[in-house]
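J.: Supplied structure: work34.cif, mmCIF, C-alpha atoms.
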data_start
#
loop_
_atom_site.group_PDB
_atom_site.id
_atom_site.type_symbol
_atom_site.label_atom_id
_atom_site.label_comp_id
_atom_site.auth_asym_id
_atom_site.auth_seq_id
_atom_site.Cartn_x
_atom_site.Cartn_y
_atom_site.Cartn_z
ATOM 1 C CA MET I 266 0.000 0.000 0.000
ATOM 2 C CA SER I 267 1.240 3.472 -0.717
ATOM 3 C CA MET I 268 0.291 7.058 -0.054
ATOM 4 C CA GLY I 269 0.669 7.387 -3.818
ATOM 5 C CA PHE I 270 -2.595 5.462 -4.236
ATOM 6 C CA LEU I 271 -4.459 8.150 -2.253
ATOM 7 C CA VAL I 272 -3.597 11.071 -4.539
ATOM 8 C CA GLU I 273 -3.415 11.814 -8.245
ATOM 9 C CA GLU I 274 -0.179 10.556 -9.824
ATOM 10 C CA THR I 275 1.244 14.028 -10.472
ATOM 11 C CA ALA I 276 -0.242 15.761 -7.427
ATOM 12 C CA PRO I 277 2.177 16.779 -4.674
ATOM 13 C CA VAL I 278 1.394 15.616 -1.154
ATOM 14 C CA VAL I 279 1.368 18.855 0.813
ATOM 15 C CA TRP I 280 -0.422 17.648 3.907
ATOM 16 C CA ARG I 281 0.139 18.695 7.483
ATOM 17 C CA GLY I 282 -1.088 17.656 10.886
ATOM 18 C CA LEU I 283 -4.631 16.283 10.776
ATOM 19 C CA MET I 284 -4.501 15.483 7.047
ATOM 20 C CA VAL I 285 -1.343 13.414 7.575
ATOM 21 C CA MET I 286 -2.842 11.571 10.515
ATOM 22 C CA SER I 287 -6.071 10.925 8.611
ATOM 23 C CA ALA I 288 -4.146 9.368 5.710
ATOM 24 C CA ILE I 289 -2.048 7.277 8.083
ATOM 25 C CA GLU I 290 -5.193 6.095 9.871
ATOM 26 C CA LYS I 291 -6.651 5.007 6.514
ATOM 27 C CA LEU I 292 -3.498 3.118 5.620
ATOM 28 C CA LEU I 293 -3.351 1.362 8.971
ATOM 29 C CA ARG I 294 -6.999 0.765 9.819
ATOM 30 C CA GLN I 295 -8.847 0.554 6.491
ATOM 31 C CA VAL I 296 -6.474 -1.717 4.568
ATOM 32 C CA ASP I 297 -6.947 -5.470 4.880
ATOM 33 C CA TRP I 298 -3.363 -6.374 5.688
ATOM 34 C CA GLY I 299 -4.188 -9.973 6.518
ATOM 35 C CA HIS I 300 -1.987 -11.670 9.109
ATOM 36 C CA LEU I 301 1.279 -9.794 9.562
ATOM 37 C CA ASP I 302 4.315 -10.566 11.640
ATOM 38 C CA TYR I 303 5.681 -7.080 10.952
ATOM 39 C CA LEU I 304 4.475 -3.914 9.265
ATOM 40 C CA VAL I 305 7.212 -1.687 7.874
ATOM 41 C CA VAL I 306 6.345 1.968 7.372
ATOM 42 C CA ASP I 307 8.729 3.781 5.028
ATOM 43 C CA MET I 308 8.713 7.484 5.839
ATOM 44 C CA PRO I 309 10.412 10.417 4.162
ATOM 45 C CA PRO I 310 13.572 11.749 5.800
ATOM 46 C CA GLY I 311 13.315 14.427 8.431
ATOM 47 C CA THR I 312 11.496 15.246 11.621
ATOM 48 C CA GLY I 313 8.260 16.770 10.311
ATOM 49 C CA ASP I 314 4.560 16.148 10.721
ATOM 50 C CA VAL I 315 4.617 12.636 9.260
ATOM 51 C CA GLN I 316 7.302 11.293 11.567
ATOM 52 C CA LEU I 317 5.939 13.026 14.632
ATOM 53 C CA SER I 318 2.321 12.000 13.952
ATOM 54 C CA VAL I 319 3.259 8.374 13.380
ATOM 55 C CA SER I 320 5.526 8.144 16.408
ATOM 56 C CA GLN I 321 3.027 9.780 18.754
ATOM 57 C CA ASN I 322 -0.133 7.991 17.596
ATOM 58 C CA ILE I 323 0.899 4.480 16.628
ATOM 59 C CA PRO I 324 2.703 1.911 18.767
ATOM 60 C CA ILE I 325 6.132 1.478 17.157
ATOM 61 C CA SER I 326 8.511 -1.327 18.082
ATOM 62 C CA GLY I 327 11.529 0.375 16.553
ATOM 63 C CA ALA I 328 12.908 2.738 13.948
ATOM 64 C CA VAL I 329 15.609 2.063 11.370
ATOM 65 C CA ILE I 330 17.419 5.116 10.052
ATOM 66 C CA VAL I 331 18.436 4.864 6.386
ATOM 67 C CA SER I 332 20.918 7.315 4.908
ATOM 68 C CA THR I 333 23.411 7.728 2.140
ATOM 69 C CA PRO I 334 26.946 8.250 3.474
ATOM 70 C CA GLN I 335 27.157 11.924 2.455
ATOM 71 C CA ASP I 336 27.373 14.597 5.138
ATOM 72 C CA ILE I 337 24.195 16.500 4.210
ATOM 73 C CA ALA I 338 22.059 13.327 4.363
ATOM 74 C CA LEU I 339 23.697 12.261 7.617
ATOM 75 C CA MET I 340 22.635 15.520 9.249
ATOM 76 C CA ASP I 341 18.977 14.611 8.596
ATOM 77 C CA ALA I 342 19.604 11.035 9.724
ATOM 78 C CA HIS I 343 21.117 12.280 12.990
ATOM 79 C CA LYS I 344 18.103 14.530 13.630
ATOM 80 C CA GLY I 345 15.734 11.677 12.799
ATOM 81 C CA ALA I 346 17.423 9.319 15.246
ATOM 82 C CA GLU I 347 17.320 11.950 17.983
ATOM 83 C CA MET I 348 13.634 12.669 17.301
ATOM 84 C CA PHE I 349 12.735 8.996 17.671
ATOM 85 C CA ARG I 350 14.711 8.789 20.900
ATOM 86 C CA LYS I 351 12.949 11.900 22.202
ATOM 87 C CA VAL I 352 9.528 10.316 21.620
ATOM 88 C CA HIS I 353 10.700 7.016 23.154
ATOM 89 C CA VAL I 354 10.888 4.943 19.976
ATOM 90 C CA PRO I 355 13.881 2.588 20.079
ATOM 91 C CA VAL I 356 16.323 3.207 17.237
ATOM 92 C CA LEU I 357 17.350 -0.258 16.045
ATOM 93 C CA GLY I 358 20.285 0.920 13.943
ATOM 94 C CA LEU I 359 21.384 2.572 10.723
ATOM 95 C CA VAL I 360 21.443 1.391 7.118
ATOM 96 C CA GLN I 361 23.942 2.907 4.718
ATOM 97 C CA ASN I 362 22.131 3.229 1.383
ATOM 98 C CA MET I 363 23.930 3.679 -1.945
ATOM 99 C CA SER I 364 27.148 2.840 -0.125
ATOM 100 C CA VAL I 365 29.250 1.944 -3.160
ATOM 101 C CA PHE I 366 28.995 1.721 -6.928
ATOM 102 C CA GLN I 367 30.810 -1.079 -8.726
ATOM 103 C CA CYS I 368 31.387 -0.603 -12.432
ATOM 104 C CA PRO I 369 29.731 -3.522 -14.233
ATOM 105 C CA LYS I 370 32.515 -3.562 -16.838
ATOM 106 C CA CYS I 371 35.802 -3.191 -14.930
ATOM 107 C CA LYS I 372 34.505 -3.950 -11.372
ATOM 108 C CA HIS I 373 36.166 -0.811 -9.956
ATOM 109 C CA LYS I 374 34.388 0.366 -6.799
ATOM 110 C CA THR I 375 33.570 4.045 -6.334
ATOM 111 C CA HIS I 376 32.108 5.635 -3.204
ATOM 112 C CA ILE I 377 30.042 8.262 -5.024
ATOM 113 C CA PHE I 378 28.428 9.626 -1.844
ATOM 114 C CA GLY I 379 31.466 9.155 0.401
ATOM 115 C CA ALA I 380 32.602 6.178 2.428
ATOM 116 C CA ASP I 381 31.471 5.020 5.853
ATOM 117 C CA GLY I 382 29.414 8.077 6.781
ATOM 118 C CA ALA I 383 26.726 5.933 8.427
ATOM 119 C CA ARG I 384 29.417 4.112 10.405
ATOM 120 C CA ARG I 385 30.736 7.401 11.792
ATOM 121 C CA LEU I 386 27.196 8.499 12.679
ATOM 122 C CA ALA I 387 26.458 5.123 14.283
ATOM 123 C CA ARG I 388 29.483 5.540 16.543
ATOM 124 C CA THR I 389 28.343 9.055 17.479
ATOM 125 C CA LEU I 390 24.845 7.768 18.333
ATOM 126 C CA ASP I 391 26.076 4.527 19.928
ATOM 127 C CA LEU I 392 24.125 2.468 17.396
ATOM 128 C CA ASP I 393 24.915 -0.435 15.087
ATOM 129 C CA VAL I 394 25.097 -0.289 11.318
ATOM 130 C CA LEU I 395 22.622 -2.949 10.202
ATOM 131 C CA GLY I 396 24.109 -3.191 6.723
ATOM 132 C CA ASP I 397 24.964 -1.526 3.448
ATOM 133 C CA ILE I 398 22.923 -1.335 0.254
ATOM 134 C CA PRO I 399 25.012 -0.766 -2.879
ATOM 135 C CA LEU I 400 24.140 1.659 -5.661
ATOM 136 C CA HIS I 401 23.273 -0.884 -8.337
ATOM 137 C CA LEU I 402 21.318 -0.751 -11.578
ATOM 138 C CA ASN I 403 19.488 -4.022 -10.833
ATOM 139 C CA ILE I 404 17.962 -2.557 -7.668
ATOM 140 C CA ARG I 405 16.553 0.406 -9.583
ATOM 141 C CA GLU I 406 15.340 -1.627 -12.544
ATOM 142 C CA THR I 407 13.594 -4.308 -10.503
ATOM 143 C CA SER I 408 11.981 -1.704 -8.245
ATOM 144 C CA ASP I 409 10.718 0.280 -11.223
ATOM 145 C CA THR I 410 9.024 -2.821 -12.652
ATOM 146 C CA GLY I 411 7.334 -3.633 -9.327
ATOM 147 C CA GLN I 412 9.445 -6.751 -8.825
ATOM 148 C CA PRO I 413 11.794 -5.939 -5.924
ATOM 149 C CA ILE I 414 15.182 -7.573 -6.175
ATOM 150 C CA VAL I 415 14.586 -9.833 -3.165
ATOM 151 C CA PHE I 416 11.767 -11.494 -5.135
ATOM 152 C CA SER I 417 12.975 -11.244 -8.706
ATOM 153 C CA GLN I 418 16.660 -12.053 -8.088
ATOM 154 C CA PRO I 419 16.785 -13.553 -4.570
ATOM 155 C CA GLU I 420 20.237 -15.106 -5.049
ATOM 156 C CA SER I 421 21.871 -11.844 -6.164
ATOM 157 C CA ASP I 422 24.349 -10.061 -3.904
ATOM 158 C CA GLU I 423 22.031 -7.052 -3.850
ATOM 159 C CA ALA I 424 19.076 -9.115 -2.599
ATOM 160 C CA LYS I 425 21.287 -10.760 0.007
ATOM 161 C CA ALA I 426 22.242 -7.301 1.319
ATOM 162 C CA TYR I 427 18.550 -6.530 1.946
ATOM 163 C CA LEU I 428 17.934 -9.934 3.513
ATOM 164 C CA ARG I 429 20.893 -9.546 5.890
ATOM 165 C CA ILE I 430 19.547 -6.176 6.996
ATOM 166 C CA ALA I 431 16.047 -7.614 7.499
ATOM 167 C CA ALA I 432 17.517 -10.377 9.675
ATOM 168 C CA GLU I 433 19.406 -7.780 11.742
ATOM 169 C CA VAL I 434 16.228 -5.755 12.246
ATOM 170 C CA VAL I 435 14.208 -8.810 13.292
ATOM 171 C CA LYS I 436 16.894 -9.754 15.847
ATOM 172 C CA ARG I 437 16.446 -6.360 17.500
ATOM 173 C CA LEU I 438 12.622 -6.390 17.611
ATOM 174 C CA PRO I 439 10.447 -7.976 20.265
ATOM 175 C CA PRO I 440 8.814 -11.203 19.055
ATOM 176 C CA PRO I 441 5.603 -10.670 17.054
ATOM 177 C CA LEU I 442 2.325 -11.130 18.884
ATOM 178 C CA LYS I 443 0.542 -14.359 18.103
#
What is this structure when it is put down as structure tokens?
T.:
Amino acid sequence: MSMGFLVEETAPVVWRGLMVMSAIEKLLRQVDWGHLDYLVVDMPPGTGDVQLSVSQNIPISGAVIVSTPQDIALMDAHKGAEMFRKVHVPVLGLVQNMSVFQCPKCKHKTHIFGADGARRLARTLDLDVLGDIPLHLNIRETSDTGQPIVFSQPESDEAKAYLRIAAEVVKRLPPPLK
């Protein structure tokens, strides 16, 4: 389910406060999710109305902070982690997204957004890095076709990176209710 299904394709989502909470309520309470062990809510970066509304109105078992390793993104990630701590949501760790690009031809690795930024932030916040997601064409292509890499290419290194991170998150969460 996506907020994108609630608005016109080209319409910006410029909601605040009550409108945000109303949309979140619809997503959580009016969607037939079936039996779930976990529900992952992917939120935009920052510490605005969405993050605050969700964290104050919905029981959350933990937050995972995802950031590229560049300094400007890490500033938002740091603020996000501190916001979740302030509202008593456990921060389970950090994920370093787009950590490295490997040329498909020569295999040379390039750290386009910098190297190890999430690791430095994790040390500052006394958190673990849950894993790294590479900048890879297959991830973008499979996502764009609606066939995420963990389903369409489950044996690929890129899928394994996501699966390792998922396992790390599950280890840090309380067991699901039966």
J.: Mind pulling up the distance from CA of Ala426 in chain I to CA of Ser364 in chain I?
T.: 11.4 Å
J.: Could you check how far CA of Ala387 in chain I sits from CA of Ile337 in chain I, in Å to one decimal?
T.: 15.4 Å
J.: Expand the PyMOL selection byres ((chain I and resi 309-326) around 9) into the individual residues it matches in the shown file, reporting them as a PyMOL selection string.
T.: chain I and resi 280-283+285-286+289+307-308+327-328+330-332+338+341-342+344-345+348-349+352-355+438-439
J.: Take the residues just selected and output them with C-alpha atoms as an mmCIF file, in the frame of the given file.
T.:
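That gives us selection.cif:
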data_model
loop_
_atom_site.group_PDB
_atom_site.id
_atom_site.type_symbol
_atom_site.label_atom_id
_atom_site.label_comp_id
_atom_site.auth_asym_id
_atom_site.auth_seq_id
_atom_site.Cartn_x
_atom_site.Cartn_y
_atom_site.Cartn_z
ATOM 1 C CA TRP I 280 -0.422 17.648 3.907
ATOM 2 C CA ARG I 281 0.139 18.695 7.483
ATOM 3 C CA GLY I 282 -1.088 17.656 10.886
ATOM 4 C CA LEU I 283 -4.631 16.283 10.776
ATOM 5 C CA VAL I 285 -1.343 13.414 7.575
ATOM 6 C CA MET I 286 -2.842 11.571 10.515
ATOM 7 C CA ILE I 289 -2.048 7.277 8.083
ATOM 8 C CA ASP I 307 8.729 3.781 5.028
ATOM 9 C CA MET I 308 8.713 7.484 5.839
ATOM 10 C CA GLY I 327 11.529 0.375 16.553
ATOM 11 C CA ALA I 328 12.908 2.738 13.948
ATOM 12 C CA ILE I 330 17.419 5.116 10.052
ATOM 13 C CA VAL I 331 18.436 4.864 6.386
ATOM 14 C CA SER I 332 20.918 7.315 4.908
ATOM 15 C CA ALA I 338 22.059 13.327 4.363
ATOM 16 C CA ASP I 341 18.977 14.611 8.596
ATOM 17 C CA ALA I 342 19.604 11.035 9.724
ATOM 18 C CA LYS I 344 18.103 14.530 13.630
ATOM 19 C CA GLY I 345 15.734 11.677 12.799
ATOM 20 C CA MET I 348 13.634 12.669 17.301
ATOM 21 C CA PHE I 349 12.735 8.996 17.671
ATOM 22 C CA VAL I 352 9.528 10.316 21.620
ATOM 23 C CA HIS I 353 10.700 7.016 23.154
ATOM 24 C CA VAL I 354 10.888 4.943 19.976
ATOM 25 C CA PRO I 355 13.881 2.588 20.079
ATOM 26 C CA LEU I 438 12.622 -6.390 17.611
ATOM 27 C CA PRO I 439 10.447 -7.976 20.265
#
J.: My list of candidates is I:Val296, I:Ile377, I:Leu357, I:Leu386. Which is closest to Met340 in chain I when distances are computed with only C-alpha atoms?
T.: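 Nearest to Met340 in chain I: I:Leu386.
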J.: Here is a test: counting all atoms listed in the file, which residue of I:His343, I:Lys436, I:Arg429, I:Lys291 is nearest to Ile398 in chain I?
T.: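 Smallest separation from Ile398 in chain I among the options: I:Arg429.
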J.: I'd like the neighbourhood of Ala424 in chain I as a PyMOL selection string, where a residue qualifies if any of its atoms comes within 12 Å (using only C-alpha atoms), though same-chain residues fewer than 2 positions away should be ignored.
T.: chain I and resi 397-399+401+403-404+407-408+412-422+426-431
